$ cat query-v6.pdb   # PDB, C-alpha atoms and all ligand atoms
ATOM      1  CA  MET S  26      21.848  14.280  -3.293  1.00  0.00           C
ATOM      2  CA  ASN S  27      21.671  11.514  -5.903  1.00  0.00           C
ATOM      3  CA  GLU S  28      18.380  10.559  -7.551  1.00  0.00           C
ATOM      4  CA  THR S  29      17.777   7.435  -5.425  1.00  0.00           C
ATOM      5  CA  ILE S  30      18.295   9.276  -2.155  1.00  0.00           C
ATOM      6  CA  LYS S  31      16.096  12.131  -3.366  1.00  0.00           C
ATOM      7  CA  ILE S  32      13.297   9.663  -4.138  1.00  0.00           C
ATOM      8  CA  ILE S  33      13.588   8.023  -0.711  1.00  0.00           C
ATOM      9  CA  LYS S  34      13.603  11.365   1.083  1.00  0.00           C
ATOM     10  CA  GLU S  35      10.793  12.907  -0.927  1.00  0.00           C
ATOM     11  CA  ARG S  36       8.354   9.945  -0.957  1.00  0.00           C
ATOM     12  CA  ARG S  37       5.156  10.747   0.879  1.00  0.00           C
ATOM     13  CA  SER S  38       1.952   8.846   1.413  1.00  0.00           C
ATOM     14  CA  ILE S  39      -0.445  10.314  -1.141  1.00  0.00           C
ATOM     15  CA  ARG S  40      -4.126  10.591  -0.269  1.00  0.00           C
ATOM     16  CA  ALA S  41      -5.478  12.357  -3.381  1.00  0.00           C
ATOM     17  CA  TYR S  42      -5.179  10.985  -6.908  1.00  0.00           C
ATOM     18  CA  LYS S  43      -5.968  12.292 -10.378  1.00  0.00           C
ATOM     19  CA  ASP S  44      -8.675  10.511 -12.349  1.00  0.00           C
ATOM     20  CA  LYS S  45      -6.066   9.095 -14.722  1.00  0.00           C
ATOM     21  CA  PRO S  46      -5.169   5.432 -15.272  1.00  0.00           C
ATOM     22  CA  ILE S  47      -1.571   4.269 -14.908  1.00  0.00           C
ATOM     23  CA  GLU S  48       0.157   3.041 -18.066  1.00  0.00           C
ATOM     24  CA  GLU S  49       0.582  -0.753 -18.096  1.00  0.00           C
ATOM     25  CA  GLU S  50       4.381  -0.536 -18.576  1.00  0.00           C
ATOM     26  CA  LYS S  51       4.614   1.484 -15.368  1.00  0.00           C
ATOM     27  CA  ILE S  52       2.542  -1.089 -13.473  1.00  0.00           C
ATOM     28  CA  GLN S  53       4.783  -3.859 -14.821  1.00  0.00           C
ATOM     29  CA  GLU S  54       7.863  -1.933 -13.687  1.00  0.00           C
ATOM     30  CA  ILE S  55       6.432  -1.439 -10.184  1.00  0.00           C
ATOM     31  CA  VAL S  56       5.611  -5.139  -9.869  1.00  0.00           C
ATOM     32  CA  GLU S  57       9.069  -6.154 -11.121  1.00  0.00           C
ATOM     33  CA  CYS S  58      10.688  -3.902  -8.534  1.00  0.00           C
ATOM     34  CA  GLY S  59       8.587  -5.662  -5.876  1.00  0.00           C
ATOM     35  CA  LEU S  60       9.807  -9.012  -7.130  1.00  0.00           C
ATOM     36  CA  MET S  61      13.432  -7.834  -6.878  1.00  0.00           C
ATOM     37  CA  ALA S  62      13.170  -7.270  -3.098  1.00  0.00           C
ATOM     38  CA  PRO S  63      15.544  -9.123  -0.796  1.00  0.00           C
ATOM     39  CA  ASN S  64      13.847 -12.129   0.783  1.00  0.00           C
ATOM     40  CA  ALA S  65      15.014 -14.709   3.289  1.00  0.00           C
ATOM     41  CA  LYS S  66      16.572 -17.828   1.707  1.00  0.00           C
ATOM     42  CA  HIS S  67      15.194 -16.525  -1.578  1.00  0.00           C
ATOM     43  CA  LEU S  68      11.907 -18.291  -0.814  1.00  0.00           C
ATOM     44  CA  GLN S  69       9.868 -15.453  -2.366  1.00  0.00           C
ATOM     45  CA  PRO S  70       6.966 -16.240  -0.012  1.00  0.00           C
ATOM     46  CA  TRP S  71       4.621 -13.670  -1.549  1.00  0.00           C
ATOM     47  CA  LYS S  72       1.867 -13.095  -4.042  1.00  0.00           C
ATOM     48  CA  PHE S  73       1.004  -9.735  -5.552  1.00  0.00           C
ATOM     49  CA  ILE S  74      -2.632  -9.268  -6.551  1.00  0.00           C
ATOM     50  CA  VAL S  75      -2.763  -6.371  -9.008  1.00  0.00           C
ATOM     51  CA  VAL S  76      -6.147  -4.680  -9.410  1.00  0.00           C
ATOM     52  CA  THR S  77      -6.922  -1.912 -11.897  1.00  0.00           C
ATOM     53  CA  ASN S  78     -10.676  -2.542 -12.051  1.00  0.00           C
ATOM     54  CA  LYS S  79     -12.077   0.800 -10.855  1.00  0.00           C
ATOM     55  CA  ASP S  80     -15.424  -0.679  -9.830  1.00  0.00           C
ATOM     56  CA  LEU S  81     -13.792  -3.405  -7.746  1.00  0.00           C
ATOM     57  CA  ILE S  82     -11.409  -0.933  -6.067  1.00  0.00           C
ATOM     58  CA  LYS S  83     -14.387   1.308  -5.294  1.00  0.00           C
ATOM     59  CA  GLU S  84     -16.459  -1.574  -3.947  1.00  0.00           C
ATOM     60  CA  ILE S  85     -13.684  -2.731  -1.605  1.00  0.00           C
ATOM     61  CA  ALA S  86     -13.099   0.827  -0.385  1.00  0.00           C
ATOM     62  CA  LYS S  87     -16.819   1.287   0.310  1.00  0.00           C
ATOM     63  CA  ARG S  88     -17.138  -2.011   2.165  1.00  0.00           C
ATOM     64  CA  VAL S  89     -14.041  -1.291   4.306  1.00  0.00           C
ATOM     65  CA  GLN S  90     -15.238   2.266   4.955  1.00  0.00           C
ATOM     66  CA  ASP S  91     -18.627   0.987   6.132  1.00  0.00           C
ATOM     67  CA  LYS S  92     -16.861  -1.401   8.513  1.00  0.00           C
ATOM     68  CA  VAL S  93     -14.617   1.181  10.180  1.00  0.00           C
ATOM     69  CA  ILE S  94     -16.594   4.412   9.980  1.00  0.00           C
ATOM     70  CA  ASP S  95     -18.152   4.062  13.449  1.00  0.00           C
ATOM     71  CA  ASN S  96     -15.020   2.693  15.099  1.00  0.00           C
ATOM     72  CA  PRO S  97     -13.694   5.402  17.471  1.00  0.00           C
ATOM     73  CA  ARG S  98     -10.156   4.141  16.807  1.00  0.00           C
ATOM     74  CA  TYR S  99     -10.554   5.417  13.248  1.00  0.00           C
ATOM     75  CA  SER S 100     -12.331   8.698  13.996  1.00  0.00           C
ATOM     76  CA  PHE S 101     -10.224  10.362  11.272  1.00  0.00           C
ATOM     77  CA  VAL S 102     -12.067   8.230   8.679  1.00  0.00           C
ATOM     78  CA  LYS S 103     -15.408   9.739   9.713  1.00  0.00           C
ATOM     79  CA  GLU S 104     -13.852  13.182   9.694  1.00  0.00           C
ATOM     80  CA  ARG S 105     -12.345  12.787   6.226  1.00  0.00           C
ATOM     81  CA  ALA S 106     -15.547  11.197   4.879  1.00  0.00           C
ATOM     82  CA  LYS S 107     -17.325  14.526   5.422  1.00  0.00           C
ATOM     83  CA  THR S 108     -15.479  16.021   2.455  1.00  0.00           C
ATOM     84  CA  LYS S 109     -14.155  13.058   0.415  1.00  0.00           C
ATOM     85  CA  ASP S 110     -16.016  10.111  -1.117  1.00  0.00           C
ATOM     86  CA  ASP S 111     -13.291   7.449  -0.841  1.00  0.00           C
ATOM     87  CA  VAL S 112     -11.279   7.816   2.366  1.00  0.00           C
ATOM     88  CA  ILE S 113      -9.878   4.287   2.206  1.00  0.00           C
ATOM     89  CA  PHE S 114      -8.236   4.069  -1.244  1.00  0.00           C
ATOM     90  CA  TYR S 115      -8.515   7.785  -2.092  1.00  0.00           C
ATOM     91  CA  ASN S 116      -9.900   7.001  -5.600  1.00  0.00           C
ATOM     92  CA  ALA S 117      -6.568   5.487  -6.635  1.00  0.00           C
ATOM     93  CA  PRO S 118      -6.642   3.711 -10.029  1.00  0.00           C
ATOM     94  CA  LEU S 119      -4.375   0.856  -8.902  1.00  0.00           C
ATOM     95  CA  ALA S 120      -4.308  -1.335  -5.804  1.00  0.00           C
ATOM     96  CA  ILE S 121      -1.761  -4.065  -5.146  1.00  0.00           C
ATOM     97  CA  PHE S 122      -2.570  -6.559  -2.406  1.00  0.00           C
ATOM     98  CA  ILE S 123       0.610  -8.107  -1.028  1.00  0.00           C
ATOM     99  CA  LEU S 124       0.055 -11.558   0.409  1.00  0.00           C
ATOM    100  CA  GLY S 125       2.598 -13.504   2.460  1.00  0.00           C
ATOM    101  CA  GLU S 126       2.768 -17.259   2.908  1.00  0.00           C
ATOM    102  CA  LYS S 127       1.289 -18.093   6.321  1.00  0.00           C
ATOM    103  CA  ASP S 128       3.899 -20.763   7.078  1.00  0.00           C
ATOM    104  CA  SER S 129       6.928 -18.767   6.030  1.00  0.00           C
ATOM    105  CA  ARG S 130       9.093 -17.483   8.934  1.00  0.00           C
ATOM    106  CA  TRP S 131      10.087 -14.167   7.327  1.00  0.00           C
ATOM    107  CA  ALA S 132       7.160 -13.545   4.979  1.00  0.00           C
ATOM    108  CA  LYS S 133       6.002 -10.339   6.686  1.00  0.00           C
ATOM    109  CA  LEU S 134       9.464  -8.819   6.446  1.00  0.00           C
ATOM    110  CA  ASP S 135       9.998  -9.995   2.869  1.00  0.00           C
ATOM    111  CA  CYS S 136       6.639  -8.505   1.845  1.00  0.00           C
ATOM    112  CA  SER S 137       7.526  -5.224   3.543  1.00  0.00           C
ATOM    113  CA  TYR S 138      10.721  -4.960   1.500  1.00  0.00           C
ATOM    114  CA  ALA S 139       8.713  -5.656  -1.651  1.00  0.00           C
ATOM    115  CA  ALA S 140       6.191  -2.978  -0.671  1.00  0.00           C
ATOM    116  CA  GLU S 141       8.839  -0.315  -0.171  1.00  0.00           C
ATOM    117  CA  ASN S 142      10.549  -1.247  -3.456  1.00  0.00           C
ATOM    118  CA  MET S 143       7.207  -0.786  -5.223  1.00  0.00           C
ATOM    119  CA  MET S 144       6.471   2.567  -3.600  1.00  0.00           C
ATOM    120  CA  LEU S 145       9.922   3.938  -4.393  1.00  0.00           C
ATOM    121  CA  ALA S 146       9.716   2.650  -7.971  1.00  0.00           C
ATOM    122  CA  ALA S 147       6.328   4.364  -8.284  1.00  0.00           C
ATOM    123  CA  LYS S 148       7.774   7.654  -7.048  1.00  0.00           C
ATOM    124  CA  SER S 149      10.596   7.403  -9.591  1.00  0.00           C
ATOM    125  CA  LEU S 150       7.942   7.014 -12.315  1.00  0.00           C
ATOM    126  CA  GLY S 151       6.077  10.164 -11.263  1.00  0.00           C
ATOM    127  CA  LEU S 152       3.432   8.259  -9.291  1.00  0.00           C
ATOM    128  CA  GLY S 153       2.221   8.525  -5.729  1.00  0.00           C
ATOM    129  CA  SER S 154       1.411   5.661  -3.390  1.00  0.00           C
ATOM    130  CA  CYS S 155       0.058   4.894   0.054  1.00  0.00           C
ATOM    131  CA  PRO S 156       0.137   1.757   2.211  1.00  0.00           C
ATOM    132  CA  ILE S 157      -3.404   0.994   3.412  1.00  0.00           C
ATOM    133  CA  GLY S 158      -3.314  -1.085   6.574  1.00  0.00           C
ATOM    134  CA  MET S 159      -7.021  -0.509   7.045  1.00  0.00           C
ATOM    135  CA  ALA S 160      -7.743  -2.613   3.966  1.00  0.00           C
ATOM    136  CA  ARG S 161      -7.136  -5.661   6.143  1.00  0.00           C
ATOM    137  CA  TYR S 162     -10.834  -5.479   7.071  1.00  0.00           C
ATOM    138  CA  LEU S 163     -11.702  -6.720   3.596  1.00  0.00           C
ATOM    139  CA  THR S 164     -10.495 -10.174   4.636  1.00  0.00           C
ATOM    140  CA  GLU S 165     -13.579 -10.466   6.891  1.00  0.00           C
ATOM    141  CA  GLU S 166     -15.691 -10.440   3.720  1.00  0.00           C
ATOM    142  CA  LYS S 167     -15.623 -13.889   2.085  1.00  0.00           C
ATOM    143  CA  ASP S 168     -16.967 -12.699  -1.259  1.00  0.00           C
ATOM    144  CA  LEU S 169     -14.246 -10.048  -1.578  1.00  0.00           C
ATOM    145  CA  VAL S 170     -11.526 -12.553  -0.701  1.00  0.00           C
ATOM    146  CA  GLN S 171     -12.956 -14.794  -3.415  1.00  0.00           C
ATOM    147  CA  LYS S 172     -13.175 -11.999  -5.980  1.00  0.00           C
ATOM    148  CA  LEU S 173      -9.544 -11.101  -5.301  1.00  0.00           C
ATOM    149  CA  ASP S 174      -8.552 -14.746  -5.635  1.00  0.00           C
ATOM    150  CA  PHE S 175      -6.573 -14.793  -2.378  1.00  0.00           C
ATOM    151  CA  ASP S 176      -4.853 -18.150  -1.834  1.00  0.00           C
ATOM    152  CA  GLU S 177      -5.894 -19.640   1.530  1.00  0.00           C
ATOM    153  CA  ASN S 178      -2.264 -20.476   2.361  1.00  0.00           C
ATOM    154  CA  TYR S 179      -1.403 -16.795   2.215  1.00  0.00           C
ATOM    155  CA  GLU S 180      -2.456 -13.832   4.350  1.00  0.00           C
ATOM    156  CA  LEU S 181      -2.863 -10.190   3.431  1.00  0.00           C
ATOM    157  CA  ILE S 182       0.240  -8.382   4.692  1.00  0.00           C
ATOM    158  CA  ILE S 183      -0.359  -4.931   3.238  1.00  0.00           C
ATOM    159  CA  THR S 184      -2.338  -3.220   0.507  1.00  0.00           C
ATOM    160  CA  LEU S 185      -0.765  -0.464  -1.551  1.00  0.00           C
ATOM    161  CA  VAL S 186      -2.550   2.052  -3.726  1.00  0.00           C
ATOM    162  CA  PHE S 187      -0.955   4.006  -6.551  1.00  0.00           C
ATOM    163  CA  GLY S 188      -1.850   6.798  -8.930  1.00  0.00           C
ATOM    164  CA  TYR S 189      -0.917  10.166 -10.317  1.00  0.00           C
ATOM    165  CA  PRO S 190      -0.755  12.447  -7.275  1.00  0.00           C
ATOM    166  CA  ASP S 191      -3.248  15.266  -6.901  1.00  0.00           C
ATOM    167  CA  GLU S 192      -1.399  16.734  -3.926  1.00  0.00           C
ATOM    168  CA  LYS S 193       2.231  17.435  -3.121  1.00  0.00           C
ATOM    169  CA  PRO S 194       2.791  17.137   0.611  1.00  0.00           C
ATOM    170  CA  GLU S 195       6.153  18.129   2.065  1.00  0.00           C
ATOM    171  CA  PRO S 196       8.262  15.365   3.639  1.00  0.00           C
ATOM    172  CA  LYS S 197       7.257  14.725   7.267  1.00  0.00           C
ATOM    173  CA  GLU S 198       9.768  15.401  10.026  1.00  0.00           C
ATOM    174  CA  ARG S 199      11.401  12.288  11.469  1.00  0.00           C
ATOM    175  CA  ASN S 200      12.420  11.764  15.089  1.00  0.00           C
ATOM    176  CA  LYS S 201      16.213  11.588  14.943  1.00  0.00           C
ATOM    177  CA  ASP S 202      16.610  10.750  18.663  1.00  0.00           C
ATOM    178  CA  VAL S 203      16.085   7.093  17.887  1.00  0.00           C
ATOM    179  CA  VAL S 204      19.516   6.848  16.274  1.00  0.00           C
ATOM    180  CA  GLU S 205      22.390   5.848  18.508  1.00  0.00           C
ATOM    181  CA  TRP S 206      25.991   5.503  17.401  1.00  0.00           C
ATOM    182  CA  VAL S 207      27.989   3.063  19.491  1.00  0.00           C
ATOM    183  CA  GLU S 208      31.769   3.173  19.317  1.00  0.00           C
TER     184      GLU S 208
HETATM  185  C1  LIG X   1       1.732  -0.549   7.779  1.00  0.00           C
HETATM  186  C2  LIG X   1       1.186   0.793   7.367  1.00  0.00           C
HETATM  187  C3  LIG X   1      -0.194   0.980   7.319  1.00  0.00           C
HETATM  188  C4  LIG X   1      -0.723   2.206   6.905  1.00  0.00           C
HETATM  189  N1  LIG X   1      -2.074   2.332   6.786  1.00  0.00           N
HETATM  190  C5  LIG X   1      -2.591   3.482   6.314  1.00  0.00           C
HETATM  191  C6  LIG X   1      -4.001   3.583   6.064  1.00  0.00           C
HETATM  192  O1  LIG X   1      -4.785   2.649   6.281  1.00  0.00           O
HETATM  193  N2  LIG X   1      -4.463   4.743   5.574  1.00  0.00           N
HETATM  194  C7  LIG X   1      -3.635   5.813   5.302  1.00  0.00           C
HETATM  195  O2  LIG X   1      -4.121   6.827   4.829  1.00  0.00           O
HETATM  196  N3  LIG X   1      -2.296   5.743   5.522  1.00  0.00           N
HETATM  197  C8  LIG X   1      -1.755   4.599   6.000  1.00  0.00           C
HETATM  198  N4  LIG X   1      -0.399   4.492   6.193  1.00  0.00           N
HETATM  199  C9  LIG X   1       0.493   5.624   5.868  1.00  0.00           C
HETATM  200  C10 LIG X   1       1.106   6.266   7.130  1.00  0.00           C
HETATM  201  O3  LIG X   1       0.130   7.055   7.768  1.00  0.00           O
HETATM  202  C11 LIG X   1       2.324   7.096   6.709  1.00  0.00           C
HETATM  203  O4  LIG X   1       3.290   6.266   6.132  1.00  0.00           O
HETATM  204  C12 LIG X   1       2.965   7.855   7.876  1.00  0.00           C
HETATM  205  O5  LIG X   1       2.085   8.817   8.406  1.00  0.00           O
HETATM  206  C13 LIG X   1       4.274   8.554   7.449  1.00  0.00           C
HETATM  207  O6  LIG X   1       3.997   9.465   6.415  1.00  0.00           O
HETATM  208  P1  LIG X   1       4.683   9.370   4.977  1.00  0.00           P
HETATM  209  O7  LIG X   1       4.462   7.958   4.439  1.00  0.00           O
HETATM  210  O8  LIG X   1       3.985  10.394   4.139  1.00  0.00           O
HETATM  211  O9  LIG X   1       6.143   9.664   5.145  1.00  0.00           O
HETATM  212  C14 LIG X   1       0.155   3.275   6.588  1.00  0.00           C
HETATM  213  C15 LIG X   1       1.531   3.070   6.665  1.00  0.00           C
HETATM  214  C16 LIG X   1       2.044   1.865   7.016  1.00  0.00           C
HETATM  215  C17 LIG X   1       3.548   1.657   7.018  1.00  0.00           C
END

$ encode --input "query-v6.pdb" --output "structure tokens"
Amino acid sequence: MNETIKIIKERRSIRAYKDKPIEEEKIQEIVECGLMAPNAKHLQPWKFIVVTNKDLIKEIAKRVQDKVIDNPRYSFVKERAKTKDDVIFYNAPLAIFILGEKDSRWAKLDCSYAAENMMLAAKSLGLGSCPIGMARYLTEEKDLVQKLDFDENYELIITLVFGYPDEKPEPKERNKDVVEWVE
């Protein structure tokens, strides 16, 4: 197995991070790998909001957690909150908010490619990551949207968190029945 394939196969969503900041060069590398993603017509219809401010990351996590904690759809949040303090961003030292241009036909797909590039780059640098769909609830909070400087012509597609992993989960099984070879 070559190194790239190993990284793809061994990437896991990490939900426990060490209390250790990420070196700036590594953050730059992750962002550059996001920028190198394929994108329709090379329109690059994205913005990456990079946040390393621990207090701001904590505040967003707390506000999102408060919003979803009593929602039965997210009962696992309540469960996890019994033993962990941040069950939204898992105390990660870095969050990247990926925004896609609202009027761009393929923005969601383009942003998804960028997200995966970033997560694989992170893994190759010894870092863990996790996509946080639940962070979309922050967009209901005007002051947070303002603090994060989201452009009104863009929407939040996905939030990613990164950090030095404090757990090493095994790769999850995948359902292989979904693959069909047609001759
Ligand atoms: C669009 C998207 C949203 C996700 N949102 C969350 C989330 O809010 N919280 C979380 O802990 N994991 C989240 N995940 C991670 C998934 O649970 C995870 O990718 C899946 O269980 C497969 O596990 P793996 O990434 O470790 O292979 C999200 C993943 C994706 C692709």

$ closest_residue --input "query-v6.pdb" --among "S:Leu145, S:Phe114, S:Tyr138, S:Leu173" --to "S:Pro63" --atoms "only C-alpha atoms"
S:Tyr138

$ closest_residue --input "query-v6.pdb" --among "S:Lys167, S:Lys148, S:Lys172, S:Arg199" --to "S:Val76" --atoms "all atoms listed in the file"
S:Lys172

$ residues_near_ligand --input "query-v6.pdb" --ligand "ligand LIG 1 (chain X)" --cutoff "6 Å" --atoms "all atoms listed in the file" --output "compact mmCIF listing (two decimals) with C-alpha atoms, in the coordinates of the input"
# COMPACT_ATOMS: atom_id res chain seq x y z
CA ARG S 37 5.16 10.75 0.88
CA SER S 38 1.95 8.85 1.41
CA CYS S 155 0.06 4.89 0.05
CA PRO S 156 0.14 1.76 2.21
CA ILE S 157 -3.40 0.99 3.41
CA GLY S 158 -3.31 -1.08 6.57
CA MET S 159 -7.02 -0.51 7.04
CA LYS S 197 7.26 14.72 7.27

$ residues_around --input "query-v6.pdb" --residues "S:Asp44" --least-positions-apart "3" --cutoff "10 Å" --atoms "all atoms listed in the file" --output "PDB file with C-alpha atoms, in the frame of the given file"
ATOM      1  CA  ALA S  41      -5.478  12.357  -3.381  1.00  0.00           C
ATOM      2  CA  ILE S  47      -1.571   4.269 -14.908  1.00  0.00           C
ATOM      3  CA  ASN S 116      -9.900   7.001  -5.600  1.00  0.00           C
ATOM      4  CA  ALA S 117      -6.568   5.487  -6.635  1.00  0.00           C
ATOM      5  CA  PRO S 118      -6.642   3.711 -10.029  1.00  0.00           C
ATOM      6  CA  GLY S 188      -1.850   6.798  -8.930  1.00  0.00           C
ATOM      7  CA  TYR S 189      -0.917  10.166 -10.317  1.00  0.00           C
ATOM      8  CA  PRO S 190      -0.755  12.447  -7.275  1.00  0.00           C
ATOM      9  CA  ASP S 191      -3.248  15.266  -6.901  1.00  0.00           C
TER      10      ASP S 191
END

$ resolve_selection --input "query-v6.pdb" --expression "the PyMOL selection byres (((chain S and resi 142) around 12) and not hetatm)" --output "mmCIF file with C-alpha atoms, keeping the file's coordinate frame"
data_model
loop_
_atom_site.group_PDB
_atom_site.id
_atom_site.type_symbol
_atom_site.label_atom_id
_atom_site.label_comp_id
_atom_site.auth_asym_id
_atom_site.auth_seq_id
_atom_site.Cartn_x
_atom_site.Cartn_y
_atom_site.Cartn_z
ATOM 1 C CA THR S 29 17.777 7.435 -5.425
ATOM 2 C CA ILE S 32 13.297 9.663 -4.138
ATOM 3 C CA ILE S 33 13.588 8.023 -0.711
ATOM 4 C CA ARG S 36 8.354 9.945 -0.957
ATOM 5 C CA GLU S 54 7.863 -1.933 -13.687
ATOM 6 C CA ILE S 55 6.432 -1.439 -10.184
ATOM 7 C CA VAL S 56 5.611 -5.139 -9.869
ATOM 8 C CA GLU S 57 9.069 -6.154 -11.121
ATOM 9 C CA CYS S 58 10.688 -3.902 -8.534
ATOM 10 C CA GLY S 59 8.587 -5.662 -5.876
ATOM 11 C CA LEU S 60 9.807 -9.012 -7.130
ATOM 12 C CA MET S 61 13.432 -7.834 -6.878
ATOM 13 C CA ALA S 62 13.170 -7.270 -3.098
ATOM 14 C CA PRO S 63 15.544 -9.123 -0.796
ATOM 15 C CA ASP S 135 9.998 -9.995 2.869
ATOM 16 C CA CYS S 136 6.639 -8.505 1.845
ATOM 17 C CA SER S 137 7.526 -5.224 3.543
ATOM 18 C CA TYR S 138 10.721 -4.960 1.500
ATOM 19 C CA ALA S 139 8.713 -5.656 -1.651
ATOM 20 C CA ALA S 140 6.191 -2.978 -0.671
ATOM 21 C CA GLU S 141 8.839 -0.315 -0.171
ATOM 22 C CA MET S 143 7.207 -0.786 -5.223
ATOM 23 C CA MET S 144 6.471 2.567 -3.600
ATOM 24 C CA LEU S 145 9.922 3.938 -4.393
ATOM 25 C CA ALA S 146 9.716 2.650 -7.971
ATOM 26 C CA ALA S 147 6.328 4.364 -8.284
ATOM 27 C CA LYS S 148 7.774 7.654 -7.048
ATOM 28 C CA SER S 149 10.596 7.403 -9.591
ATOM 29 C CA SER S 154 1.411 5.661 -3.390
ATOM 30 C CA LEU S 185 -0.765 -0.464 -1.551
#

$ axis_aligned_box --input "query-v6.pdb" --around "stretch 190-193 of chain S" --padding-each-side "4 Å" --output "JSON"
{"center_x": -0.5, "center_y": 14.9, "center_z": -5.2, "size_x": 13.5, "size_y": 13.0, "size_z": 12.2}

$ closest_residue --input "query-v6.pdb" --among "S:Lys133, S:Trp206, S:Phe187, S:Phe122" --to "S:Thr164" --atoms "all atoms listed in the file"
S:Phe122

$ build_atoms --input "query-v6.pdb" --residues "stretch 81-99 of chain S" --atoms "N, CA and C atoms" --output "PDB file, in the coordinates of the input"
ATOM      1  N   LEU S  81     -14.171  -2.506  -8.838  1.00  0.00           N
ATOM      2  CA  LEU S  81     -13.792  -3.405  -7.746  1.00  0.00           C
ATOM      3  C   LEU S  81     -13.051  -2.631  -6.652  1.00  0.00           C
ATOM      4  N   ILE S  82     -12.148  -1.740  -7.053  1.00  0.00           N
ATOM      5  CA  ILE S  82     -11.409  -0.933  -6.067  1.00  0.00           C
ATOM      6  C   ILE S  82     -12.404  -0.099  -5.243  1.00  0.00           C
ATOM      7  N   LYS S  83     -13.361   0.481  -5.945  1.00  0.00           N
ATOM      8  CA  LYS S  83     -14.387   1.308  -5.294  1.00  0.00           C
ATOM      9  C   LYS S  83     -15.230   0.481  -4.318  1.00  0.00           C
ATOM     10  N   GLU S  84     -15.610  -0.704  -4.779  1.00  0.00           N
ATOM     11  CA  GLU S  84     -16.459  -1.574  -3.947  1.00  0.00           C
ATOM     12  C   GLU S  84     -15.715  -1.960  -2.649  1.00  0.00           C
ATOM     13  N   ILE S  85     -14.454  -2.336  -2.795  1.00  0.00           N
ATOM     14  CA  ILE S  85     -13.684  -2.731  -1.605  1.00  0.00           C
ATOM     15  C   ILE S  85     -13.570  -1.540  -0.645  1.00  0.00           C
ATOM     16  N   ALA S  86     -13.245  -0.372  -1.219  1.00  0.00           N
ATOM     17  CA  ALA S  86     -13.099   0.827  -0.385  1.00  0.00           C
ATOM     18  C   ALA S  86     -14.391   1.101   0.383  1.00  0.00           C
ATOM     19  N   LYS S  87     -15.516   1.001  -0.306  1.00  0.00           N
ATOM     20  CA  LYS S  87     -16.819   1.287   0.310  1.00  0.00           C
ATOM     21  C   LYS S  87     -17.113   0.296   1.440  1.00  0.00           C
ATOM     22  N   ARG S  88     -16.840  -0.976   1.166  1.00  0.00           N
ATOM     23  CA  ARG S  88     -17.138  -2.011   2.165  1.00  0.00           C
ATOM     24  C   ARG S  88     -16.244  -1.838   3.395  1.00  0.00           C
ATOM     25  N   VAL S  89     -14.957  -1.500   3.172  1.00  0.00           N
ATOM     26  CA  VAL S  89     -14.041  -1.291   4.306  1.00  0.00           C
ATOM     27  C   VAL S  89     -14.475  -0.041   5.074  1.00  0.00           C
ATOM     28  N   GLN S  90     -14.803   1.010   4.320  1.00  0.00           N
ATOM     29  CA  GLN S  90     -15.238   2.266   4.955  1.00  0.00           C
ATOM     30  C   GLN S  90     -16.462   2.034   5.848  1.00  0.00           C
ATOM     31  N   ASP S  91     -17.422   1.281   5.341  1.00  0.00           N
ATOM     32  CA  ASP S  91     -18.627   0.987   6.132  1.00  0.00           C
ATOM     33  C   ASP S  91     -18.283   0.237   7.416  1.00  0.00           C
ATOM     34  N   LYS S  92     -17.248  -0.595   7.343  1.00  0.00           N
ATOM     35  CA  LYS S  92     -16.861  -1.401   8.513  1.00  0.00           C
ATOM     36  C   LYS S  92     -16.177  -0.567   9.603  1.00  0.00           C
ATOM     37  N   VAL S  93     -15.419   0.451   9.194  1.00  0.00           N
ATOM     38  CA  VAL S  93     -14.617   1.181  10.180  1.00  0.00           C
ATOM     39  C   VAL S  93     -15.173   2.555  10.569  1.00  0.00           C
ATOM     40  N   ILE S  94     -16.160   3.018   9.827  1.00  0.00           N
ATOM     41  CA  ILE S  94     -16.594   4.412   9.980  1.00  0.00           C
ATOM     42  C   ILE S  94     -17.060   4.750  11.409  1.00  0.00           C
ATOM     43  N   ASP S  95     -17.667   3.773  12.098  1.00  0.00           N
ATOM     44  CA  ASP S  95     -18.152   4.062  13.449  1.00  0.00           C
ATOM     45  C   ASP S  95     -17.186   3.589  14.538  1.00  0.00           C
ATOM     46  N   ASN S  96     -16.020   3.147  14.126  1.00  0.00           N
ATOM     47  CA  ASN S  96     -15.020   2.693  15.099  1.00  0.00           C
ATOM     48  C   ASN S  96     -14.251   3.919  15.616  1.00  0.00           C
ATOM     49  N   PRO S  97     -14.348   4.197  16.942  1.00  0.00           N
ATOM     50  CA  PRO S  97     -13.694   5.402  17.471  1.00  0.00           C
ATOM     51  C   PRO S  97     -12.178   5.420  17.240  1.00  0.00           C
ATOM     52  N   ARG S  98     -11.601   4.215  17.071  1.00  0.00           N
ATOM     53  CA  ARG S  98     -10.156   4.141  16.807  1.00  0.00           C
ATOM     54  C   ARG S  98      -9.803   4.811  15.470  1.00  0.00           C
ATOM     55  N   TYR S  99     -10.792   4.819  14.565  1.00  0.00           N
ATOM     56  CA  TYR S  99     -10.554   5.417  13.248  1.00  0.00           C
ATOM     57  C   TYR S  99     -11.404   6.670  13.050  1.00  0.00           C
TER      58      TYR S  99
END
